[in-house]
$ cat work.txt   # compact mmCIF, C-alpha atoms
# COMPACT_ATOMS: atom_id res chain seq x y z
CA MET A 1 87.32 61.50 -5.75
CA THR A 2 90.42 61.93 -7.94
CA LYS A 3 91.84 58.70 -9.29
CA LYS A 4 95.39 58.03 -8.15
CA LYS A 5 97.98 57.67 -10.87
CA ASP A 6 99.10 54.32 -9.50
CA ASP A 7 95.61 52.82 -9.50
CA LYS A 8 95.60 49.72 -11.68
CA GLN A 9 93.64 50.15 -14.88
CA LYS A 10 90.56 47.91 -14.85
CA HIS A 11 91.15 45.06 -17.26
CA VAL A 12 88.64 44.56 -20.06
CA SER A 13 88.38 41.02 -21.35
CA VAL A 14 88.68 40.53 -25.12
CA VAL A 15 88.37 36.75 -25.40
CA THR A 16 84.72 35.64 -25.49
CA LYS A 17 83.17 32.36 -24.38
CA LYS A 18 82.86 31.28 -28.00
CA SER A 19 86.47 32.27 -28.68
CA LEU A 20 87.66 30.25 -25.72
CA GLN A 21 85.83 27.16 -26.98
CA PHE A 22 87.71 27.45 -30.27
CA PHE A 23 91.01 28.05 -28.45
CA GLU A 24 90.61 24.85 -26.43
CA GLU A 25 89.75 22.80 -29.52
CA TYR A 26 92.64 24.36 -31.42
CA ILE A 27 95.19 23.63 -28.69
CA ASN A 28 94.00 20.05 -28.22
CA ASN A 29 94.30 19.27 -31.93
CA PRO A 30 97.79 17.94 -32.80
CA SER A 31 99.76 20.00 -35.33
CA PRO A 32 103.33 18.68 -35.35
CA THR A 33 105.89 20.32 -37.60
CA GLY A 34 105.35 19.12 -41.16
CA PHE A 35 101.88 17.77 -40.33
CA GLU A 36 100.00 20.97 -39.50
CA TYR A 37 97.10 20.71 -41.92
CA PRO A 38 94.28 19.49 -39.60
CA GLY A 39 94.99 22.38 -37.25
CA GLN A 40 95.21 24.83 -40.13
CA LYS A 41 91.78 23.73 -41.31
CA LEU A 42 90.33 24.33 -37.83
CA TRP A 43 91.95 27.75 -37.75
CA LEU A 44 90.70 28.79 -41.19
CA ASP A 45 87.17 27.58 -40.41
CA TYR A 46 87.15 29.87 -37.36
CA LEU A 47 88.68 32.78 -39.27
CA LYS A 48 86.53 32.70 -42.42
CA PRO A 49 83.59 34.82 -41.14
CA TYR A 50 86.02 37.68 -40.50
CA ILE A 51 88.01 37.74 -43.77
CA ASP A 52 87.44 38.27 -47.49
CA GLU A 53 89.45 35.37 -48.86
CA SER A 54 92.00 32.74 -47.87
CA PHE A 55 94.60 30.36 -49.25
CA ILE A 56 97.02 27.65 -48.13
CA ASP A 57 100.47 27.31 -49.68
CA ASN A 58 102.26 24.13 -50.77
CA TYR A 59 103.63 23.36 -47.31
CA GLY A 60 100.51 24.25 -45.34
CA THR A 61 100.87 27.87 -44.25
CA ALA A 62 97.34 29.24 -43.96
CA VAL A 63 96.50 32.85 -44.82
CA GLY A 64 93.34 34.91 -44.41
CA VAL A 65 93.12 38.21 -46.27
CA ILE A 66 91.11 41.35 -45.54
CA ASN A 67 90.82 43.98 -48.28
CA PRO A 68 92.88 41.91 -50.76
CA GLN A 69 92.59 44.41 -53.63
CA ALA A 70 94.76 47.00 -51.83
CA GLU A 71 98.37 47.29 -53.01
CA TYR A 72 99.95 48.05 -49.61
CA ARG A 73 100.27 44.76 -47.73
CA VAL A 74 100.50 44.33 -43.95
CA VAL A 75 101.10 40.95 -42.31
CA ILE A 76 100.21 39.84 -38.79
CA GLU A 77 101.74 36.43 -38.19
CA ALA A 78 102.11 33.51 -35.82
CA HIS A 79 103.28 29.94 -36.31
CA ALA A 80 101.09 26.87 -36.18
CA ASP A 81 103.44 23.94 -35.58
CA GLU A 82 104.19 22.18 -32.32
CA ILE A 83 107.26 20.25 -31.26
CA SER A 84 107.01 16.48 -31.54
CA TRP A 85 109.01 13.29 -32.11
CA PHE A 86 109.69 10.93 -35.01
CA VAL A 87 109.90 7.15 -34.80
CA ASN A 88 113.58 6.47 -35.55
CA TYR A 89 114.27 2.83 -34.65
CA ILE A 90 112.11 -0.15 -33.69
CA THR A 91 113.91 -2.86 -31.67
CA PRO A 92 113.38 -6.59 -32.24
CA GLU A 93 111.58 -6.57 -28.86
CA GLY A 94 109.06 -3.98 -30.05
CA LEU A 95 110.36 -0.90 -28.27
CA ILE A 96 110.63 2.39 -30.17
CA TYR A 97 113.45 4.93 -30.10
CA VAL A 98 112.85 8.48 -31.30
CA ILE A 99 114.44 11.62 -32.68
CA ARG A 100 113.25 15.20 -32.31
CA ASN A 101 110.93 17.03 -34.67
CA GLY A 102 111.68 20.53 -33.40
CA GLY A 103 113.04 21.32 -29.95
CA SER A 104 111.41 18.51 -27.95
CA ASP A 105 112.73 18.21 -24.39
CA HIS A 106 114.10 14.75 -23.60
CA GLN A 107 114.06 15.43 -19.87
CA ILE A 108 110.28 15.62 -19.61
CA ALA A 109 109.65 12.50 -21.70
CA PRO A 110 109.83 9.61 -19.17
CA SER A 111 106.35 8.40 -18.08
CA LYS A 112 104.54 10.67 -20.56
CA ARG A 113 101.66 9.31 -22.63
CA VAL A 114 101.81 9.90 -26.37
CA ASN A 115 99.91 9.42 -29.62
CA ILE A 116 101.71 7.85 -32.57
CA HIS A 117 100.15 9.08 -35.82
CA THR A 118 99.85 6.35 -38.46
CA ASP A 119 97.94 5.82 -41.69
CA LYS A 120 95.81 3.31 -39.79
CA GLY A 121 94.91 5.84 -37.11
CA MET A 122 96.23 6.88 -33.70
CA VAL A 123 98.24 4.39 -31.65
CA LYS A 124 98.70 4.97 -27.92
CA ALA A 125 102.12 4.53 -26.28
CA VAL A 126 104.12 5.62 -23.24
CA PHE A 127 107.67 6.75 -22.67
CA GLY A 128 108.99 4.03 -20.39
CA TRP A 129 111.61 4.50 -17.68
CA PRO A 130 113.35 2.12 -15.26
CA ALA A 131 111.74 1.96 -11.80
CA ILE A 132 113.50 3.82 -8.98
CA HIS A 133 114.00 0.49 -7.17
CA THR A 134 116.20 -0.77 -9.98
CA ARG A 135 118.39 2.33 -9.97
CA SER A 136 119.39 2.35 -6.30
CA GLY A 137 123.07 2.24 -5.48
CA GLU A 138 124.08 3.31 -8.94
CA LYS A 139 124.85 6.66 -10.52
CA GLU A 140 121.60 8.11 -11.84
CA GLU A 141 121.45 8.22 -15.62
CA ALA A 142 119.58 11.29 -16.87
CA PRO A 143 117.00 11.07 -19.66
CA ALA A 144 118.65 11.56 -23.06
CA LEU A 145 117.89 10.75 -26.68
CA LYS A 146 120.03 7.61 -26.39
CA ASN A 147 117.90 6.11 -23.60
CA ILE A 148 114.30 7.34 -23.82
CA PHE A 149 112.01 4.90 -25.59
CA LEU A 150 108.36 4.23 -26.32
CA ASP A 151 106.39 1.17 -25.32
CA CYS A 152 103.15 0.58 -27.25
CA GLY A 153 102.40 -2.77 -25.63
CA CYS A 154 104.03 -4.92 -28.27
CA THR A 155 106.67 -7.63 -27.82
CA SER A 156 108.16 -7.68 -31.30
CA LYS A 157 108.95 -5.42 -34.23
CA ASP A 158 106.42 -7.29 -36.34
CA GLU A 159 103.63 -6.49 -33.85
CA VAL A 160 104.58 -2.82 -33.91
CA GLU A 161 104.49 -2.71 -37.71
CA VAL A 162 101.10 -4.46 -37.83
CA LEU A 163 99.75 -1.44 -35.90
CA GLY A 164 100.88 0.77 -38.79
CA ILE A 165 103.93 2.18 -37.01
CA HIS A 166 107.03 2.70 -39.14
CA VAL A 167 110.14 4.86 -39.10
CA GLY A 168 109.05 8.42 -39.78
CA CYS A 169 105.71 8.26 -37.95
CA VAL A 170 105.22 11.44 -35.94
CA ILE A 171 104.50 11.38 -32.20
CA THR A 172 102.73 13.98 -30.04
CA TYR A 173 101.92 14.19 -26.35
CA GLU A 174 98.29 13.67 -25.41
CA ASP A 175 98.12 16.39 -22.71
CA GLU A 176 95.25 18.85 -23.22
CA PHE A 177 94.10 22.39 -22.47
CA MET A 178 92.93 23.58 -19.06
CA VAL A 179 92.33 26.83 -17.18
CA LEU A 180 94.30 27.11 -13.94
CA ASN A 181 92.98 29.18 -11.02
CA ASP A 182 90.81 31.20 -13.45
CA ARG A 183 94.02 33.03 -14.32
CA TYR A 184 96.17 30.95 -16.63
CA TYR A 185 95.64 28.96 -19.79
CA VAL A 186 97.70 25.76 -19.62
CA GLY A 187 98.47 23.14 -22.26
CA ARG A 188 100.93 21.85 -24.82
CA ALA A 189 101.62 23.84 -27.98
CA LEU A 190 100.67 27.25 -26.57
CA ASP A 191 103.97 27.92 -28.33
CA ASN A 192 102.66 29.14 -30.64
CA ARG A 193 99.07 28.26 -31.37
CA ALA A 194 98.26 30.91 -28.79
CA GLY A 195 99.65 33.29 -31.41
CA GLY A 196 97.42 31.86 -34.12
CA PHE A 197 94.47 32.28 -31.80
CA MET A 198 95.36 35.89 -31.03
CA ILE A 199 95.73 37.02 -34.64
CA ALA A 200 92.41 35.35 -35.44
CA GLU A 201 90.86 37.36 -32.61
CA VAL A 202 92.29 40.54 -34.14
CA ALA A 203 90.44 39.71 -37.35
CA ARG A 204 87.27 39.11 -35.34
CA LEU A 205 87.54 42.50 -33.63
CA LEU A 206 88.10 44.29 -36.93
CA LYS A 207 84.97 42.70 -38.37
CA GLU A 208 82.77 43.18 -35.30
CA ASN A 209 83.87 46.80 -34.88
CA LYS A 210 83.37 47.45 -38.61
CA GLN A 211 86.87 48.83 -39.05
CA LYS A 212 87.88 49.57 -42.64
CA LEU A 213 91.62 49.27 -43.21
CA PRO A 214 93.38 51.37 -45.88
CA PHE A 215 95.62 48.42 -46.76
CA ALA A 216 95.45 44.68 -47.38
CA LEU A 217 95.80 42.69 -44.16
CA TYR A 218 97.27 39.20 -44.39
CA ILE A 219 96.60 37.08 -41.29
CA VAL A 220 99.30 34.43 -41.56
CA ASN A 221 99.61 31.15 -39.65
CA SER A 222 102.97 29.77 -40.74
CA VAL A 223 104.25 26.21 -40.62
CA GLN A 224 107.68 24.81 -39.70
CA GLU A 225 108.89 27.57 -37.37
CA GLU A 226 110.17 25.05 -34.86
CA ILE A 227 112.79 23.72 -37.27
CA GLY A 228 114.07 27.05 -38.61
CA LEU A 229 111.41 29.62 -39.60
CA ARG A 230 110.85 27.79 -42.87
CA GLY A 231 107.15 28.47 -43.39
CA ALA A 232 107.65 32.19 -42.78
CA GLU A 233 110.48 32.29 -45.30
CA MET A 234 108.27 30.75 -47.97
CA ILE A 235 105.18 32.87 -47.34
CA ALA A 236 107.14 36.13 -47.05
CA ASP A 237 108.45 35.51 -50.55
CA ARG A 238 104.92 34.88 -51.84
CA ILE A 239 103.10 37.79 -50.17
CA LYS A 240 105.94 40.33 -50.40
CA PRO A 241 104.57 42.42 -47.53
CA HIS A 242 105.43 46.04 -46.82
CA VAL A 243 105.09 45.58 -43.02
CA ALA A 244 105.06 42.54 -40.73
CA ILE A 245 103.98 42.29 -37.09
CA VAL A 246 104.86 38.89 -35.66
CA THR A 247 103.63 37.39 -32.41
CA ASP A 248 105.25 34.47 -30.61
CA VAL A 249 105.97 33.46 -27.03
CA THR A 250 108.90 34.37 -24.81
CA HIS A 251 110.12 33.11 -21.45
CA ASP A 252 108.57 34.11 -18.14
CA THR A 253 111.80 34.43 -16.14
CA SER A 254 110.18 34.71 -12.70
CA THR A 255 110.14 30.95 -12.07
CA PRO A 256 113.05 29.02 -10.44
CA MET A 257 116.33 28.12 -12.19
CA ILE A 258 116.21 30.97 -14.74
CA ASN A 259 118.90 33.64 -14.65
CA LYS A 260 117.43 37.11 -15.13
CA ILE A 261 120.90 38.53 -15.78
CA THR A 262 121.07 36.56 -19.02
CA GLN A 263 117.36 36.02 -19.80
CA GLY A 264 115.89 39.40 -18.75
CA ASP A 265 113.14 40.22 -16.26
CA LEU A 266 109.80 39.16 -17.74
CA ALA A 267 106.67 37.72 -16.14
CA CYS A 268 103.21 36.48 -17.00
CA GLY A 269 100.52 39.00 -16.13
CA ARG A 270 102.62 42.09 -16.77
CA GLY A 271 101.60 42.52 -20.39
CA PRO A 272 102.88 41.91 -23.94
CA VAL A 273 106.63 42.05 -24.57
CA VAL A 274 108.09 44.33 -27.23
CA SER A 275 111.53 43.36 -28.51
CA TYR A 276 114.70 45.21 -29.34
CA ALA A 277 116.84 43.36 -31.87
CA PRO A 278 118.60 44.02 -35.19
CA ALA A 279 115.65 42.53 -37.10
CA VAL A 280 113.13 44.75 -35.31
CA GLN A 281 112.57 47.94 -37.30
CA THR A 282 112.84 50.85 -34.87
CA ASN A 283 110.11 53.10 -36.28
CA LEU A 284 107.61 50.26 -36.38
CA ASN A 285 108.58 49.33 -32.83
CA LYS A 286 107.98 52.93 -31.74
CA LEU A 287 104.51 52.75 -33.28
CA LEU A 288 103.76 49.68 -31.15
CA ILE A 289 104.99 51.36 -27.98
CA LYS A 290 103.09 54.60 -28.60
CA THR A 291 99.97 52.54 -29.31
CA ALA A 292 100.35 50.67 -26.03
CA GLU A 293 100.84 53.90 -24.08
CA LYS A 294 97.92 55.66 -25.73
CA ASN A 295 95.55 52.76 -25.08
CA ASN A 296 96.75 51.99 -21.53
CA ILE A 297 98.00 48.56 -22.53
CA PRO A 298 100.72 47.34 -20.11
CA PHE A 299 103.88 46.10 -21.79
CA GLN A 300 107.36 44.81 -21.07
CA ARG A 301 110.64 45.10 -22.96
CA GLN A 302 113.12 42.47 -24.11
CA ALA A 303 116.48 42.66 -25.87
CA SER A 304 117.94 40.06 -28.24
CA SER A 305 121.63 40.31 -29.09
CA ARG A 306 121.60 38.73 -32.56
CA SER A 307 118.31 37.21 -33.69
CA THR A 308 114.89 37.08 -32.08
CA GLY A 309 114.65 33.36 -32.76
CA THR A 310 111.20 33.92 -34.23
CA ASP A 311 109.57 34.37 -37.63
CA THR A 312 110.31 38.10 -37.25
CA ASP A 313 113.78 37.42 -38.60
CA ALA A 314 112.44 35.60 -41.66
CA PHE A 315 110.12 38.47 -42.59
CA ALA A 316 112.62 41.23 -41.77
CA TYR A 317 115.33 39.85 -44.04
CA SER A 318 113.06 38.92 -46.94
CA ASN A 319 112.35 40.82 -50.15
CA GLY A 320 115.15 43.32 -49.69
CA GLY A 321 114.12 44.12 -46.11
CA VAL A 322 110.61 44.36 -44.67
CA PRO A 323 109.91 46.59 -41.62
CA SER A 324 109.10 43.99 -38.98
CA ALA A 325 108.45 43.92 -35.25
CA LEU A 326 107.75 41.33 -32.59
CA ILE A 327 105.07 41.26 -29.89
CA SER A 328 105.71 38.35 -27.53
CA LEU A 329 103.45 36.58 -25.06
CA PRO A 330 105.14 35.68 -21.75
CA LEU A 331 105.01 31.92 -21.18
CA ARG A 332 106.11 29.58 -18.41
CA TYR A 333 107.64 26.12 -18.98
CA MET A 334 108.28 26.41 -22.74
CA HIS A 335 108.46 23.16 -24.74
CA THR A 336 106.76 21.17 -22.02
CA THR A 337 103.20 19.83 -21.90
CA VAL A 338 102.22 22.39 -19.25
CA GLU A 339 103.05 25.64 -21.00
CA MET A 340 101.30 28.44 -19.14
CA ILE A 341 100.12 31.92 -20.22
CA HIS A 342 98.14 34.61 -18.40
CA LYS A 343 94.61 35.34 -19.59
CA GLU A 344 95.11 39.11 -19.34
CA ASP A 345 98.30 38.95 -21.41
CA VAL A 346 96.37 37.20 -24.18
CA ASP A 347 93.74 39.95 -24.15
CA ASN A 348 96.42 42.64 -24.16
CA VAL A 349 98.41 41.16 -27.06
CA ILE A 350 95.20 41.03 -29.11
CA SER A 351 94.43 44.64 -28.19
CA LEU A 352 97.95 45.85 -28.97
CA ILE A 353 97.98 44.28 -32.44
CA TYR A 354 94.45 45.52 -33.15
CA HIS A 355 95.13 49.14 -32.16
CA SER A 356 98.53 49.13 -33.88
CA LEU A 357 96.87 48.19 -37.18
CA LEU A 358 94.53 51.14 -36.78
CA ASN A 359 97.60 53.39 -36.51
CA ILE A 360 99.18 52.18 -39.75
CA GLU A 361 98.35 54.45 -42.66
CA LYS A 362 97.98 53.72 -46.36
CA ASP A 363 101.48 53.48 -47.88
CA HIS A 364 102.98 54.04 -44.40
CA ASP A 365 106.68 54.89 -44.77
CA PHE A 366 108.82 53.48 -41.94
CA LYS A 367 112.17 54.55 -43.43
CA TYR A 368 114.62 56.22 -41.05
CA SER A 369 115.46 58.95 -43.56
CA LYS A 370 112.83 60.39 -45.88
$ encode --input "work.txt" --output "structure tokens"
Amino acid sequence: MTKKKDDKQKHVSVVTKKSLQFFEEYINNPSPTGFEYPGQKLWLDYLKPYIDESFIDNYGTAVGVINPQAEYRVVIEAHADEISWFVNYITPEGLIYVIRNGGSDHQIAPSKRVNIHTDKGMVKAVFGWPAIHTRSGEKEEAPALKNIFLDCGCTSKDEVEVLGIHVGCVITYEDEFMVLNDRYYVGRALDNRAGGFMIAEVARLLKENKQKLPFALYIVNSVQEEIGLRGAEMIADRIKPHVAIVTDVTHDTSTPMINKITQGDLACGRGPVVSYAPAVQTNLNKLLIKTAEKNNIPFQRQASSRSTGTDTDAFAYSNGGVPSALISLPLRYMHTTVEMIHKEDVDNVISLIYHSLLNIEKDHDFKYSK
């Protein structure tokens, strides 16, 4: 029987049981911006069997290298940091007010449980909020930085400080990884430790399939993306790559209260997203698209009017201009503790990066005019 053209291609899973165990551990481990090292160590420990060497820079960006002696350098990159909070003010009554470390969402904070990271160890706390009974008859006040606060069970500033809490302590949510309906991965910090996981899986596939690359491959897990692409800026200057393929998350716009006219039409389960933006080098982007088409990898398209808002921009505008492109993973509920990604999209992003690397030649010239 002839196969119909519209028959859905049977999906082949890439992520293994062992990989998934690492992914869960990696997501559950806190890696707030500026304090990424424990997560970077986990990531490098997983990556080391698949690479030739590794290093960590002064601010914590972790890099694994395959074929380091080659002169032509290709980067695949994600960022490792997660949004969090800083202790900003401790009241005489022992309550704690916070400021953002990255784009933390004040509206989801009330009633959330958190971990305050101190030199004495982890301290548990909760974001308190007035009971609904006490708000009746009055105009509702929305959560905002001026009114969300932490309660760690203390009744004075002195008690709080005895626990090791001081201004500048970093705070993360305690929510952890789960699989939903055998279809979605759910957790905090999938933005963008899912990316770090996926580029590590690319390295695993290259090793297991005994692929020999004609260039040096730098697998880069950058720090401090959430506060301005800072880790990528630093590591781009150090590596001086000739090509960079960045992976990050983008919005699934199929859920309520998102305007597709302004945000585009993207959804989990429909494949990786390739971007069109000034920082995205057109010839490299065409290579990604041709690779997806040739290997029957579903993909979506997204346009960005000025910047991509990702580490792509940092690499593209470094070192006199580096051909760079972005492969995004559709994600629901960004910057919440229930970020959600589709299992098949994860497999397909890994496959697209893997096959794209196999299509990059030694000294590949991406210039528009030759």
$ closest_atom_pairs --input "work.txt" --of "segment 169-262 of chain A" --to "segment 90-105 of chain A" --cutoff "12 Å" --atoms "all atoms listed in the file" --output "JSON lines"
{"residue": "A:Cys169", "atom": "CA", "partner": "A:Val98", "partner_atom": "CA", "distance": 9.8}
{"residue": "A:Val170", "atom": "CA", "partner": "A:Asn101", "partner_atom": "CA", "distance": 8.1}
{"residue": "A:Ile171", "atom": "CA", "partner": "A:Val98", "partner_atom": "CA", "distance": 8.9}
{"residue": "A:Thr172", "atom": "CA", "partner": "A:Asn101", "partner_atom": "CA", "distance": 9.9}
{"residue": "A:Tyr173", "atom": "CA", "partner": "A:Ser104", "partner_atom": "CA", "distance": 10.5}
{"residue": "A:Arg188", "atom": "CA", "partner": "A:Ser104", "partner_atom": "CA", "distance": 11.4}
{"residue": "A:Ala189", "atom": "CA", "partner": "A:Ser104", "partner_atom": "CA", "distance": 11.1}
{"residue": "A:Asp191", "atom": "CA", "partner": "A:Gly103", "partner_atom": "CA", "distance": 11.3}
{"residue": "A:Val223", "atom": "CA", "partner": "A:Gly102", "partner_atom": "CA", "distance": 11.8}
{"residue": "A:Gln224", "atom": "CA", "partner": "A:Gly102", "partner_atom": "CA", "distance": 8.6}
{"residue": "A:Glu225", "atom": "CA", "partner": "A:Gly102", "partner_atom": "CA", "distance": 8.6}
{"residue": "A:Glu226", "atom": "CA", "partner": "A:Gly102", "partner_atom": "CA", "distance": 5.0}
{"residue": "A:Ile227", "atom": "CA", "partner": "A:Gly102", "partner_atom": "CA", "distance": 5.1}
{"residue": "A:Gly228", "atom": "CA", "partner": "A:Gly102", "partner_atom": "CA", "distance": 8.7}
{"residue": "A:Leu229", "atom": "CA", "partner": "A:Gly102", "partner_atom": "CA", "distance": 11.0}
{"residue": "A:Arg230", "atom": "CA", "partner": "A:Gly102", "partner_atom": "CA", "distance": 12.0}
$ closest_residue --input "work.txt" --among "A:His242, A:His342, A:Lys290, A:Lys370" --to "Ser356 of chain A" --atoms "all atoms listed in the file"
A:Lys290
$ closest_residue --input "work.txt" --among "A:Arg73, A:Arg113, A:Arg332, A:Lys17" --to "Ile219 of chain A" --atoms "all atoms listed in the file"
A:Arg73
$ atom_distance --input "work.txt" --atom1 "atom CA of Gly64 of chain A" --atom2 "atom CA of Asp311 of chain A"
17.6 Å
$ axis_aligned_box --input "work.txt" --around "segment 202-210 of chain A" --padding-each-side "4 Å" --output "AutoDock Vina command-line options"
--center_x 87.5 --center_y 43.3 --center_z -36.1 --size_x 17.5 --size_y 16.3 --size_z 13.0
$ closest_residue --input "work.txt" --among "A:Glu36, A:Glu141, A:Glu201, A:Glu25" --to "Ile353 of chain A" --atoms "all atoms listed in the file"
A:Glu201
$ atom_distance --input "work.txt" --atom1 "atom CA of Ile132 of chain A" --atom2 "atom CA of Pro110 of chain A"
12.3 Å
$ atom_distance --input "work.txt" --atom1 "atom CA of Asn296 of chain A" --atom2 "atom CA of Thr282 of chain A"
20.9 Å
$ closest_residue --input "work.txt" --among "A:Gly271, A:Val74, A:Gln21, A:Lys120" --to "Glu293 of chain A" --atoms "only C-alpha atoms"
A:Gly271
$ residues_around --input "work.txt" --residues "Tyr37 of chain A" --least-positions-apart "6" --cutoff "9 Å" --atoms "all atoms listed in the file" --output "ChimeraX atom specification"
/A:31,59-62
$ closest_residue --input "work.txt" --among "A:Leu287, A:Ala325, A:Ala80, A:Ile261" --to "Pro32 of chain A" --atoms "only C-alpha atoms"
A:Ala80
$ residues_around --input "work.txt" --residues "Lys10 of chain A" --least-positions-apart "5" --cutoff "12 Å" --atoms "all atoms listed in the file" --output "NGL selection string"
:A and (296-298 or 344)
$ closest_residue --input "work.txt" --among "A:Lys112, A:His251, A:His11, A:Lys207" --to "Asp175 of chain A" --atoms "all atoms listed in the file"
A:Lys112
$ build_atoms --input "work.txt" --residues "segment 51-62 of chain A" --atoms "N, CA and C atoms" --output "short mmCIF file (atom, residue, chain, number, x, y, z; two decimals), in the frame of the given file"
data_model
loop_
_atom_site.label_atom_id
_atom_site.label_comp_id
_atom_site.auth_asym_id
_atom_site.auth_seq_id
_atom_site.Cartn_x
_atom_site.Cartn_y
_atom_site.Cartn_z
N ILE A 51 87.06 37.39 -42.71
CA ILE A 51 88.01 37.74 -43.77
C ILE A 51 87.30 37.73 -45.13
N ASP A 52 88.01 38.22 -46.14
CA ASP A 52 87.44 38.27 -47.49
C ASP A 52 87.84 37.06 -48.34
N GLU A 53 89.02 36.55 -48.12
CA GLU A 53 89.45 35.37 -48.86
C GLU A 53 90.58 34.68 -48.10
N SER A 54 90.95 33.48 -48.54
CA SER A 54 92.00 32.74 -47.87
C SER A 54 92.71 31.82 -48.85
N PHE A 55 93.89 31.37 -48.47
CA PHE A 55 94.60 30.36 -49.25
C PHE A 55 95.58 29.61 -48.35
N ILE A 56 96.02 28.45 -48.82
CA ILE A 56 97.02 27.65 -48.13
C ILE A 56 98.12 27.34 -49.12
N ASP A 57 99.39 27.54 -48.72
CA ASP A 57 100.47 27.31 -49.68
C ASP A 57 100.87 25.83 -49.72
N ASN A 58 101.89 25.52 -50.51
CA ASN A 58 102.26 24.13 -50.77
C ASN A 58 102.67 23.36 -49.52
N TYR A 59 103.18 24.04 -48.52
CA TYR A 59 103.63 23.36 -47.31
C TYR A 59 102.68 23.53 -46.13
N GLY A 60 101.55 24.22 -46.35
CA GLY A 60 100.51 24.25 -45.34
C GLY A 60 100.33 25.54 -44.59
N THR A 61 101.12 26.57 -44.88
CA THR A 61 100.87 27.87 -44.25
C THR A 61 99.51 28.39 -44.68
N ALA A 62 98.71 28.77 -43.69
CA ALA A 62 97.34 29.24 -43.96
C ALA A 62 97.29 30.76 -43.84
#
